[in-house]
Structures are given as C-alpha cells and as structure tokens.
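Q: For reference, the file structure-v6.txt (compact mmCIF, C-alpha atoms) is included below:
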# COMPACT_ATOMS: atom_id res chain seq x y z
CA MET A 1023 132.02 30.26 74.03
CA ASN A 1024 132.23 33.98 74.67
CA VAL A 1025 128.84 35.69 74.31
CA MET A 1026 128.11 39.40 74.74
CA VAL A 1027 125.48 39.66 77.47
CA ALA A 1028 123.30 42.77 77.52
CA PRO A 1029 121.91 44.47 80.67
CA ASP A 1030 118.63 42.61 80.16
CA GLY A 1031 120.57 39.35 80.80
CA LYS A 1032 120.13 38.01 77.30
CA PRO A 1033 122.72 37.72 74.54
CA ALA A 1034 123.20 40.93 72.50
CA GLN A 1035 122.71 41.08 68.77
CA PHE A 1036 124.99 42.83 66.29
CA ASN A 1037 122.97 44.86 63.78
CA GLY A 1038 125.92 45.71 61.52
CA GLN A 1039 126.80 48.92 63.33
CA ALA A 1040 126.64 48.21 67.06
CA TRP A 1041 125.72 45.57 69.62
CA ILE A 1042 122.09 45.98 70.69
CA SER A 1043 120.28 44.33 73.60
CA GLN A 1044 117.42 41.99 72.67
CA ASP A 1045 114.86 44.32 74.28
CA GLY A 1046 116.26 47.21 72.12
CA LYS A 1047 116.83 49.51 75.12
CA HIS A 1048 120.68 49.45 75.23
CA TRP A 1049 123.70 49.52 72.89
CA TRP A 1050 127.40 48.78 73.44
CA ASN A 1051 129.77 51.73 72.80
CA GLY A 1052 132.92 49.59 73.22
CA ALA A 1053 133.38 50.38 76.90
CA ALA A 1054 129.94 50.28 78.51
CA TRP A 1055 126.27 49.70 77.76
CA GLN A 1056 124.43 52.92 76.92
CA ARG A 1057 120.69 53.51 77.09
CA ILE A 1058 119.07 54.12 73.70
CA GLY A 1059 117.14 57.38 73.90
CA LYS A 1060 113.61 56.90 72.69
CA ARG A 1061 111.38 59.80 71.73
CA ARG A 1062 109.04 60.55 74.57
CA GLY A 1063 106.08 62.08 72.73
CA PRO A 1064 105.43 64.44 69.85
CA ASN A 1065 107.91 67.14 68.82
CA LEU A 1066 106.34 70.29 70.27
CA PHE A 1067 108.50 72.63 68.18
CA VAL A 1068 107.18 71.19 64.91
CA ILE A 1069 103.60 71.31 66.19
CA GLY A 1070 104.04 74.94 67.37
CA MET A 1071 105.53 76.10 64.06
CA GLY A 1072 102.73 74.39 62.14
CA ALA A 1073 100.11 76.10 64.32
CA LEU A 1074 101.82 79.48 63.85
CA ILE A 1075 101.94 79.12 60.07
CA ALA A 1076 98.30 78.02 60.01
CA ALA A 1077 97.29 81.03 62.14
CA VAL A 1078 99.09 83.46 59.82
CA VAL A 1079 97.44 81.90 56.75
CA VAL A 1080 94.01 82.17 58.41
CA LEU A 1081 94.62 85.84 59.31
CA VAL A 1082 95.77 86.69 55.78
CA VAL A 1083 92.82 84.88 54.17
CA THR A 1084 90.26 86.54 56.49
CA GLY A 1085 91.78 89.96 55.87
CA VAL A 1086 92.90 90.72 59.41
CA ILE A 1087 96.49 91.08 58.16
CA ARG A 1088 96.56 93.22 55.03
CA PRO A 1089 99.49 94.24 52.89
CA ALA A 1090 100.63 97.83 53.40
CA PRO A 1091 98.79 100.31 51.17
CA PRO A 1092 100.82 101.98 48.45
CA PRO A 1093 102.30 105.32 49.46
CA PRO A 1094 100.07 108.27 48.63
CA THR A 1095 100.92 110.19 45.50
CA PRO A 1096 102.53 113.51 46.35
CA LYS A 1097 100.22 116.49 46.04
CA VAL A 1098 100.98 118.85 43.19
CA VAL A 1099 101.61 122.40 44.38
CA MET A 1100 100.28 124.88 41.87
CA GLY A 1101 102.54 127.73 40.81
CA VAL A 1102 106.31 128.14 41.04
CA THR A 1103 108.26 126.14 43.64
CA ASN A 1104 111.89 125.17 44.31
CA SER A 1105 113.35 128.22 42.55
CA LYS A 1106 117.14 128.32 42.57
CA ILE A 1107 119.95 130.34 40.98
CA ASP A 1108 122.47 127.71 39.83
CA SER A 1109 125.14 129.92 38.28
CA SER A 1110 125.65 133.37 36.79
CA THR A 1111 123.75 132.27 33.66
CA GLN A 1112 121.46 129.44 34.83
CA ILE A 1113 118.30 129.23 36.97
CA GLU A 1114 115.84 126.43 37.63
CA PHE A 1115 112.39 125.98 39.17
CA ASP A 1116 109.33 123.72 39.23
CA TYR A 1117 105.98 124.86 37.87
CA ALA A 1118 102.47 123.36 37.90
CA ARG A 1119 99.16 124.80 36.71
CA SER A 1120 95.51 123.77 36.92
CA ALA A 1121 94.75 124.02 33.17
CA ASN A 1122 96.62 123.06 30.01
CA CYS A 1123 98.50 125.82 28.24
CA SER A 1124 99.82 125.65 24.67
CA GLN A 1125 102.25 128.59 24.98
CA LEU A 1126 103.54 129.70 28.39
CA ARG A 1127 105.68 132.78 28.91
CA PHE A 1128 107.66 133.29 32.11
CA GLU A 1129 108.75 136.76 33.18
CA ILE A 1130 111.60 136.23 35.62
CA THR A 1131 112.60 139.16 37.85
CA PHE A 1132 115.82 139.06 39.89
CA TYR A 1133 116.02 140.76 43.30
CA ASP A 1134 118.80 141.73 45.71
CA LYS A 1135 118.76 141.28 49.52
CA ALA A 1136 116.89 144.55 50.03
CA GLY A 1137 114.13 143.44 47.60
CA HIS A 1138 115.05 145.81 44.77
CA ALA A 1139 114.50 144.51 41.22
CA LEU A 1140 117.84 144.21 39.43
CA ASP A 1141 117.12 142.49 36.11
CA ARG A 1142 114.41 140.77 34.05
CA TYR A 1143 114.49 137.74 31.80
CA LEU A 1144 111.77 136.28 29.55
CA GLY A 1145 111.44 132.55 28.92
CA THR A 1146 108.94 130.68 26.75
CA VAL A 1147 107.74 127.07 26.96
CA ASN A 1148 105.47 125.18 24.57
CA PHE A 1149 102.59 123.14 26.02
CA VAL A 1150 102.28 122.67 29.76
CA SER A 1151 99.91 119.94 30.93
CA ALA A 1152 97.54 120.52 33.83
CA GLY A 1153 98.05 119.00 37.28
CA THR A 1154 101.66 117.97 36.66
CA THR A 1155 104.81 119.46 38.11
CA HIS A 1156 107.28 120.42 35.38
CA HIS A 1157 110.93 121.20 36.02
CA TYR A 1158 112.48 124.02 34.01
CA VAL A 1159 116.10 125.10 33.60
CA PHE A 1160 116.77 128.42 31.85
CA HIS A 1161 120.08 129.74 30.57
CA THR A 1162 120.25 133.52 30.26
CA ASP A 1163 121.95 135.29 27.33
CA HIS A 1164 123.90 137.52 29.69
CA ALA A 1165 125.13 137.09 33.27
CA ILE A 1166 122.57 137.51 36.02
CA ALA A 1167 123.17 140.67 38.08
CA THR A 1168 125.80 139.91 40.75
CA GLY A 1169 123.70 141.15 43.68
CA SER A 1170 120.82 138.77 42.84
CA VAL A 1171 119.87 136.48 45.70
CA ARG A 1172 116.43 135.36 44.53
CA PHE A 1173 114.00 135.64 41.66
CA ALA A 1174 110.24 135.73 41.12
CA VAL A 1175 108.47 134.10 38.19
CA THR A 1176 105.28 135.50 36.65
CA PRO A 1177 103.68 133.02 34.22
CA THR A 1178 101.40 134.17 31.40
CA CYS A 1179 99.47 131.64 29.28
CA SER A 1180 98.72 132.22 25.60
CA ASN A 1181 96.38 129.50 24.32
So, in terms of structure tokens, how does the structure I just supplied come out?
A:
Amino acid sequence: MNVMVAPDGKPAQFNGQAWISQDGKHWWNGAAWQRIGKRRGPNLFVIGMGALIAAVVVLVVTGVIRPAPPPPTPKVVMGVTNSKIDSSTQIEFDYARSANCSQLRFEITFYDKAGHALDRYLGTVNFVSAGTTHHYVFHTDHAIATGSVRFAVTPTCSN
C-alpha cells in the first residue's frame, strides 16, 4: 500500500485541504514538504498601536492635548473704513460707532489728487447699533465729479 510519509517519518494525514505531518510542522504542496510557519510571539504592531491609542486618550483626558481655541473675533474699528468709489454714481464704506444712534447723517466730501474738495453728498441712515461694523452703499443723484479719487465721510448723530 502506498502511504504518504511526512518528514517526521510518520504517515501524513489529509485534513481536507492539504496533507499535514502528524507533528503538524509540515504540509505537502504537491511537489515538496513545506514548513508550516508558526507565530513566534505576540504581534508587536498591534501592541504598539494599542499603546499609542491609549497614550493619546490619556493625554486628551488629562488635558495635555487640548482642542484648538476658536479664532478671536475681529476687533471693530470705530469710524469709517474701507471707503471706495465703485462707479460714477456709487460709493461704499464701512462704519462703526461706540454708541447707538437712531438717525445718522453722513456728509460725504469728494477730493481730487491735489486734495481740493470737488463735491458734497448727504446720506441718511436710520438706527446704527454700537460696536458693530455696518456696510453702506450710497447711490448719488448725479454723477460724482470726474476728478474724484477719494472721499471723506463726516458722520453726525441725531438721537
């Protein structure tokens, strides 16, 4: 009778997938006996990742690692800022004040490159809250003087 003999000198056993030696150290690949690789100790990668995760959790719980603070709120600049001539009939600017105002009048003066006043425009706004930057866009009734390169705004509050 033909019997498959394993490297351990004993008859091999078929486990349904391959021939295995009786000592469980070898298997038959169809051409030669191959050593079955056994794990030689704990998986260091799994242990290392577990330790790393545990360390991060400990640091978060103890407060050593904190979430980033929210960005600071931008400071409000009081007065007129970001003034711009958009077109021959439109200007815009930002305005903030330290106290509430129920009726605010803007006197807008246009200047040329040499600093000479060319034209004036009056604008009115109802209720301006304190400590908040408001953006205003004004449309003039007539075209702004062609030599205008900038403008100055003088606010007057009427409570």
Q: Could you tell me which of A:Trp1050, A:Phe1173, A:Phe1115, A:Trp1041 comes closest to Thr1131 of chain A if we count all atoms listed in the file?
A: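 Of A:Trp1050, A:Phe1173, A:Phe1115, A:Trp1041, the one nearest Thr1131 of chain A is A:Phe1173, counting all atoms listed in the file.
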Q: So how many Å separate atom CA of Leu1126 of chain A and atom CA of Pro1096 of chain A, to one decimal?
A: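 Taking atom CA of Leu1126 of chain A and atom CA of Pro1096 of chain A, their separation equals 24.2 Å.
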Q: For Asn1148 of chain A, work out the shell of residues within 8 Å, counting only C-alpha atoms and skipping chain neighbours fewer than 5 positions away, then give it as JSON, numbers by chain.
A: {"A": [1123, 1124, 1125, 1126]}
Q: Take the selection from the previous step and output its residues with C-alpha atoms, as a short mmCIF file (atom, residue, chain, number, x, y, z; two decimals), keeping the file's coordinate frame.
A:
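The result, written out as part_2.cif:
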data_model
loop_
_atom_site.label_atom_id
_atom_site.label_comp_id
_atom_site.auth_asym_id
_atom_site.auth_seq_id
_atom_site.Cartn_x
_atom_site.Cartn_y
_atom_site.Cartn_z
CA CYS A 1123 98.50 125.82 28.24
CA SER A 1124 99.82 125.65 24.67
CA GLN A 1125 102.25 128.59 24.98
CA LEU A 1126 103.54 129.70 28.39
#
Q: Give the answer as one residue: which of A:Cys1179, A:Ala1118, A:Val1079, A:Ala1139 has the shortest atom-to-atom distance to Lys1097 of chain A, using only C-alpha atoms?
A: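 Smallest separation from Lys1097 of chain A among the options: A:Ala1118.
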Q: If you count only C-alpha atoms, which residues fall within 6 Å of Glu1114 of chain A, apart from same-chain ones fewer than 5 positions away, as a ChimeraX atom specification?
A: /A:1105-1106,1158-1159
Q: Please produce an output containing C-alpha atoms for each residue in the selection, written as an mmCIF file, in the coordinates of the input.
A:
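So again_1.cif came out as:
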data_model
loop_
_atom_site.group_PDB
_atom_site.id
_atom_site.type_symbol
_atom_site.label_atom_id
_atom_site.label_comp_id
_atom_site.auth_asym_id
_atom_site.auth_seq_id
_atom_site.Cartn_x
_atom_site.Cartn_y
_atom_site.Cartn_z
ATOM 1 C CA SER A 1105 113.350 128.220 42.550
ATOM 2 C CA LYS A 1106 117.140 128.320 42.570
ATOM 3 C CA TYR A 1158 112.480 124.020 34.010
ATOM 4 C CA VAL A 1159 116.100 125.100 33.600
#
Q: Could you check which of A:Gln1035, A:Thr1178, A:Asn1024, A:Ser1170 is closest to Ala1136 of chain A, using only C-alpha atoms?
A: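 Nearest candidate to Ala1136 of chain A out of A:Gln1035, A:Thr1178, A:Asn1024, A:Ser1170: A:Ser1170.
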Q: Expressed in Å to a single decimal, how great is the separation between atom CA of Gly1101 of chain A and atom CA of Thr1168 of chain A?
A: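 Result for atom CA of Gly1101 of chain A versus atom CA of Thr1168 of chain A: 26.3 Å, one decimal.
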Q: Mind checking which residues fall within 12 Å of Gly1169 of chain A, counting only C-alpha atoms, ignoring those fewer than 3 positions away in the same chain, and posting them as a ChimeraX atom specification?
A: /A:1107,1110,1132-1141,1165-1166,1172-1173
Q: A:Val1171, A:Pro1092, A:Thr1176, A:Val1078: which is nearest Tyr1117 of chain A, counting all atoms listed in the file?
A: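 Answer, going by the shortest atom-to-atom distance: A:Thr1176.
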Q: Choose the residue, out of A:Gln1056, A:Thr1154, A:Thr1146, A:Asn1051, that has the smallest atom-to-atom separation from Pro1029 of chain A; count all atoms listed in the file.
A: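 Closest residue, counting all atoms listed in the file: A:Gln1056.
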Q: Rank nothing, just name the residue among A:Leu1144, A:Asn1181, A:Gln1044, A:Asn1104 nearest to His1157 of chain A, using only C-alpha atoms.
A: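 Looking at the shortest contact to His1157 of chain A, the residue is A:Asn1104.
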Q: When you draw a straight line from atom CA of Ala1090 of chain A to atom CA of Ile1075 of chain A, how long is it in Å?
A: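 Computed distance, atom CA of Ala1090 of chain A to atom CA of Ile1075 of chain A, equals 19.9 Å.
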